[in-house]
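Below is one structure, written out as structure tokens; comments come after it.
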Amino acid sequence: MAEGFGSVTWWGLTPALDLISLFPHGKINLDCDSTVNVLLVGAGDIRHVLRTVTNNPKKSLHFYVIESHLEVLARHILFFSLLCEPSDKIGIREKTELFLELFGNTLVRAQTAQYLKEKADDLIRFVTDPSNKLIPFLDLSSLKFKERDMLEGIFKFWQNPDEKTFTIEKHWDKRLRHHLAQRYDSRRGVFDWDYHMKLQEMVPLICNDEYIQWREDGVAFHLRDDAPYDISNRMLANGALLHNRDGDLVGQRGYWGDIVTSPFIAFGSYCDDERMLKKANDKYVKSSQEISQHNVYSMLELLLTGTSSSSSNPDSGIEEITNDTIGRLIDGSVRVTLLPLNSATELGKKSKYEKLFHCAFFSNSMIHHLTSVNGLDRVMNERCLLICETARFILDLRKENKDEYLKKVIQMALAIGFKSSQVETDASNTLLFTLS
């Protein structure tokens, strides 16, 4: 869709959504309905899972996840395993920092790199041993054996101590040079223009300095001053077959993700706590980094303890919670099933998925699968809510391109029997549709 966003969706282009809250009144009875089955197609991260689960503590939820790259599924597995770490080993504050660092930074601290290396051992055992209960709510049984083997290979790559096998600074700079071409030497001016002319009006919580810094080196979250961010984040590496100079296809690892929009959208473009949205001199006091930290900490705290203390006094700094519980993650009310990469074209052929889903989210990178040819209309429950990500935050696209995208998505949804349940505008992050 746009070269600057890349071919791998490491993070999504909508704020984290409480999917249940988007249902039209009366479509989902929170007290009477049984499990709500949610299909996530190309979300790129676990933001919607986190916010939906934490905002609906009494609702039974089952998420089915489809992604286009195994490296993205590997990230999901790591982040879900991080949630399950005992609090006497890793507290919520440290979990928050690890989460954001691995989520959106090209470079991480030494202790974060060490955590990733050590955790990869556990993840290898988890994907190779069906009886392993490291992440009790996560179901990998639908994945193909080949996909499990490839996930094992990804985790082994995370363990590799040789930093020369993946130097992300070089890959980031290569992407910048290709994307900017003759503008590379004046890139700071390009970044500044993109911020003021494209991003600021849409997401004023993101400040100019943090955005430009991320565009320069890919480090979004500087949460600690006591250690350098100088080790490549292997969770942002993916393999691809590319033509060499002789025209032969060869396997290469690189960074082919977003270099234009930023990971701030997912958790740092909104806040339910108005006290975090104070202004001084007509500017927000808190940065998007701080908003992201507050939001992720609050969600983890609610998810793991059932309470939230961070919102009681947002200016006091993040406090530590030591309750040794992982709450809803072990009570059976939340389940996550990872589906094979080709599932977007295969689900409609399987009877067990017929009319299963009450809610379906499609990212803009995988919206092309929303066709009757793929049979996805057959997996939607008669009360299904369809949520389609718009192209609003793809900064490389012009307004006419975004408008054309909206029209195309609406046509695709109508073609499989949905009807629009909202008035779309230029400020819409998502388009909503219902079957009835």
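Chain labels run A, B, ... following the order of the structure tokens; each chain numbers its residues from 1, and ligands are numbered from 1 in the order shown.
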
*Secondary structure check, strand (DSSP E) residues of range 35-166 of chain A, as a PyMOL selection string*: chain A and resi 36-41+61-66+107-108+138-139

Compile a residue-level contact table for range 234-295 of chain A against range 97-103 of chain A at a cut-off of 12 Å, reporting for every qualifying residue the shortest atom pair and its distance in Å to one decimal, with only C-alpha atoms counted, rows ordered by chain and ascending number, as a Markdown table.
```
| residue | atom | partner | partner_atom | distance |
| --- | --- | --- | --- | --- |
| A:Arg234 | CA | A:Leu102 | CA | 8.8 |
| A:Met235 | CA | A:Leu102 | CA | 6.9 |
| A:Leu236 | CA | A:Leu102 | CA | 8.4 |
| A:Ala237 | CA | A:Leu102 | CA | 11.7 |
| A:Ser262 | CA | A:Phe103 | CA | 11.1 |
| A:Pro263 | CA | A:Phe103 | CA | 7.9 |
| A:Phe264 | CA | A:Leu100 | CA | 9.9 |
| A:Ala266 | CA | A:Phe103 | CA | 10.2 |
| A:Phe267 | CA | A:Leu100 | CA | 9.3 |
| A:Gly268 | CA | A:Leu100 | CA | 10.7 |
| A:Ser288 | CA | A:Leu100 | CA | 11.9 |
| A:Gln289 | CA | A:Leu100 | CA | 9.1 |
| A:Glu290 | CA | A:Leu100 | CA | 10.9 |
| A:Ile291 | CA | A:Leu100 | CA | 11.5 |
| A:Ser292 | CA | A:Leu100 | CA | 8.0 |
| A:Gln293 | CA | A:Glu97 | CA | 7.5 |
| A:His294 | CA | A:Glu97 | CA | 10.6 |
| A:Asn295 | CA | A:Leu100 | CA | 10.8 |
```

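Each of A:Gln213, A:Gln411, A:Ser333, A:Ser308 was compared to Thr371 in chain A using only C-alpha atoms, and A:Gln411 turns out to be the nearest.
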
*Quick one: pull the distance between CA of Leu339 in chain A and CA of Val65 in chain A, Å, one decimal.*
5.8 Å

*asked:* Given only C-alpha atoms as the basis, pick out the residue of A:Thr14, A:Asn105, A:Thr54, A:Thr167 nearest to Gly257 in chain A.
replied: A:Asn105

*Test item: residues at most 12 Å from Leu73 in chain A, only C-alpha atoms, excluding those fewer than 3 positions along its chain, as a PyMOL selection string*: chain A and resi 8-11+41-46+64-70+76-80+123+127+138+140+143+147-148+150-152+154-155+235-236+238+336-341

Selection above as a file: N, CA and C atoms, as a tab-separated table (two decimals), in the first residue's frame:
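Listing of result29.tsv after writing:
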```tsv
chain	number	residue	atom	x	y	z
A	8	VAL	N	5.98	-5.80	6.41
A	8	VAL	CA	5.73	-6.56	7.64
A	8	VAL	C	5.08	-5.64	8.66
A	9	THR	N	3.94	-6.06	9.19
A	9	THR	CA	3.21	-5.24	10.15
A	9	THR	C	3.66	-5.58	11.57
A	10	TRP	N	4.67	-4.86	12.05
A	10	TRP	CA	5.16	-5.10	13.41
A	10	TRP	C	4.24	-4.46	14.44
A	11	TRP	N	3.55	-3.39	14.08
A	11	TRP	CA	2.58	-2.74	14.96
A	11	TRP	C	1.44	-2.23	14.10
A	41	VAL	N	-7.55	-10.30	11.87
A	41	VAL	CA	-6.83	-10.58	10.63
A	41	VAL	C	-5.82	-9.46	10.37
A	42	GLY	N	-4.55	-9.77	10.61
A	42	GLY	CA	-3.48	-8.82	10.32
A	42	GLY	C	-3.34	-7.68	11.31
A	43	ALA	N	-3.78	-7.85	12.54
A	43	ALA	CA	-3.69	-6.76	13.52
A	43	ALA	C	-2.25	-6.33	13.76
A	44	GLY	N	-1.30	-7.27	13.66
A	44	GLY	CA	0.11	-6.93	13.77
A	44	GLY	C	0.67	-6.94	15.18
A	45	ASP	N	-0.20	-6.86	16.17
A	45	ASP	CA	0.23	-6.88	17.57
A	45	ASP	C	-0.94	-7.33	18.43
A	46	ILE	N	-0.78	-7.27	19.75
A	46	ILE	CA	-1.83	-7.79	20.64
A	46	ILE	C	-2.61	-6.66	21.31
A	64	TYR	N	-9.20	-15.43	17.72
A	64	TYR	CA	-8.54	-16.23	16.69
A	64	TYR	C	-7.69	-15.28	15.86
A	65	VAL	N	-6.40	-15.57	15.74
A	65	VAL	CA	-5.45	-14.61	15.18
A	65	VAL	C	-4.83	-15.13	13.88
A	66	ILE	N	-4.93	-14.31	12.83
A	66	ILE	CA	-4.29	-14.59	11.55
A	66	ILE	C	-3.30	-13.47	11.26
A	67	GLU	N	-2.08	-13.83	10.92
A	67	GLU	CA	-1.07	-12.86	10.50
A	67	GLU	C	-0.45	-13.33	9.19
A	68	SER	N	0.29	-12.45	8.55
A	68	SER	CA	0.90	-12.79	7.26
A	68	SER	C	2.35	-13.24	7.39
A	69	HIS	N	2.94	-13.11	8.58
A	69	HIS	CA	4.33	-13.50	8.79
A	69	HIS	C	4.48	-14.25	10.12
A	70	LEU	N	5.25	-15.32	10.09
A	70	LEU	CA	5.47	-16.08	11.32
A	70	LEU	C	6.23	-15.28	12.36
A	76	HIS	N	3.86	-12.24	19.08
A	76	HIS	CA	2.66	-12.43	19.90
A	76	HIS	C	2.96	-13.41	21.04
A	77	ILE	N	3.59	-14.52	20.69
A	77	ILE	CA	3.88	-15.56	21.69
A	77	ILE	C	4.77	-15.00	22.80
A	78	LEU	N	5.79	-14.25	22.41
A	78	LEU	CA	6.69	-13.66	23.42
A	78	LEU	C	5.94	-12.72	24.34
A	79	PHE	N	5.11	-11.84	23.77
A	79	PHE	CA	4.40	-10.87	24.59
A	79	PHE	C	3.39	-11.55	25.51
A	80	PHE	N	2.71	-12.58	25.01
A	80	PHE	CA	1.79	-13.32	25.87
A	80	PHE	C	2.55	-14.02	27.00
A	123	LEU	N	10.28	-20.59	25.00
A	123	LEU	CA	9.36	-20.55	23.85
A	123	LEU	C	9.61	-21.71	22.90
A	127	VAL	N	6.59	-24.31	21.81
A	127	VAL	CA	6.08	-24.59	20.45
A	127	VAL	C	6.38	-26.01	20.00
A	138	LEU	N	-3.07	-19.78	25.57
A	138	LEU	CA	-2.67	-19.69	24.16
A	138	LEU	C	-2.67	-21.07	23.52
A	140	LEU	N	-1.83	-23.31	20.20
A	140	LEU	CA	-1.06	-23.40	18.96
A	140	LEU	C	-1.43	-24.63	18.13
A	143	LEU	N	-1.76	-24.59	14.24
A	143	LEU	CA	-0.62	-24.31	13.38
A	143	LEU	C	-0.12	-25.59	12.72
A	147	GLU	N	5.07	-24.78	10.34
A	147	GLU	CA	5.05	-23.46	10.98
A	147	GLU	C	5.64	-23.52	12.38
A	148	ARG	N	5.36	-24.59	13.10
A	148	ARG	CA	5.96	-24.75	14.43
A	148	ARG	C	7.48	-24.87	14.32
A	150	MET	N	9.33	-23.61	11.97
A	150	MET	CA	9.87	-22.30	11.60
A	150	MET	C	9.86	-21.35	12.80
A	151	LEU	N	8.84	-21.45	13.65
A	151	LEU	CA	8.82	-20.66	14.88
A	151	LEU	C	10.01	-21.03	15.76
A	152	GLU	N	10.29	-22.31	15.84
A	152	GLU	CA	11.46	-22.75	16.61
A	152	GLU	C	12.73	-22.11	16.05
A	154	ILE	N	12.94	-19.26	14.47
A	154	ILE	CA	12.93	-17.83	14.82
A	154	ILE	C	13.42	-17.63	16.25
A	155	PHE	N	12.94	-18.47	17.17
A	155	PHE	CA	13.37	-18.34	18.56
A	155	PHE	C	14.86	-18.65	18.72
A	235	MET	N	13.65	-9.12	17.56
A	235	MET	CA	12.22	-9.34	17.33
A	235	MET	C	11.70	-8.51	16.15
A	236	LEU	N	12.53	-7.63	15.61
A	236	LEU	CA	12.13	-6.84	14.44
A	236	LEU	C	12.84	-7.32	13.18
A	238	ASN	N	13.08	-10.11	10.09
A	238	ASN	CA	12.34	-11.16	9.40
A	238	ASN	C	13.10	-11.59	8.15
A	336	VAL	N	-6.79	-17.55	23.35
A	336	VAL	CA	-6.25	-17.03	22.09
A	336	VAL	C	-5.77	-18.20	21.26
A	337	THR	N	-6.25	-18.30	20.03
A	337	THR	CA	-5.84	-19.36	19.11
A	337	THR	C	-5.09	-18.74	17.94
A	338	LEU	N	-3.86	-19.18	17.72
A	338	LEU	CA	-3.09	-18.72	16.57
A	338	LEU	C	-3.39	-19.64	15.39
A	339	LEU	N	-3.76	-19.05	14.27
A	339	LEU	CA	-4.14	-19.81	13.08
A	339	LEU	C	-3.01	-19.80	12.04
A	340	PRO	N	-2.99	-20.79	11.15
A	340	PRO	CA	-1.96	-20.83	10.10
A	340	PRO	C	-1.98	-19.58	9.23
A	341	LEU	N	-0.85	-19.32	8.57
A	341	LEU	CA	-0.72	-18.10	7.77
A	341	LEU	C	-1.71	-18.04	6.61
```

*Quick one: pick out all helix (DSSP H, G or I) residues within range 158-258 of chain A from a backbone DSSP run and write them as a ChimeraX atom specification.*
/A:158-159,163-165,168-199,208-217,234-236

Near His179 in chain A, counting only C-alpha atoms, which residues have an atom at most 7 Å away, once you skip same-chain residues fewer than 3 positions from it, shown as a PDB file with N, CA and C atoms, in the first residue's frame?
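Saved file around-v8.pdb follows:
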```
ATOM      1  N   GLY A   4       6.802   3.170   2.623  1.00  0.00           N
ATOM      2  CA  GLY A   4       7.299   3.559   3.932  1.00  0.00           C
ATOM      3  C   GLY A   4       6.758   2.721   5.067  1.00  0.00           C
ATOM      4  N   ARG A 175      16.873   1.242   4.600  1.00  0.00           N
ATOM      5  CA  ARG A 175      15.471   1.551   4.287  1.00  0.00           C
ATOM      6  C   ARG A 175      15.277   3.052   4.105  1.00  0.00           C
ATOM      7  N   LEU A 176      15.885   3.843   4.997  1.00  0.00           N
ATOM      8  CA  LEU A 176      15.762   5.299   4.893  1.00  0.00           C
ATOM      9  C   LEU A 176      16.315   5.799   3.565  1.00  0.00           C
TER      10      LEU A 176
END
```
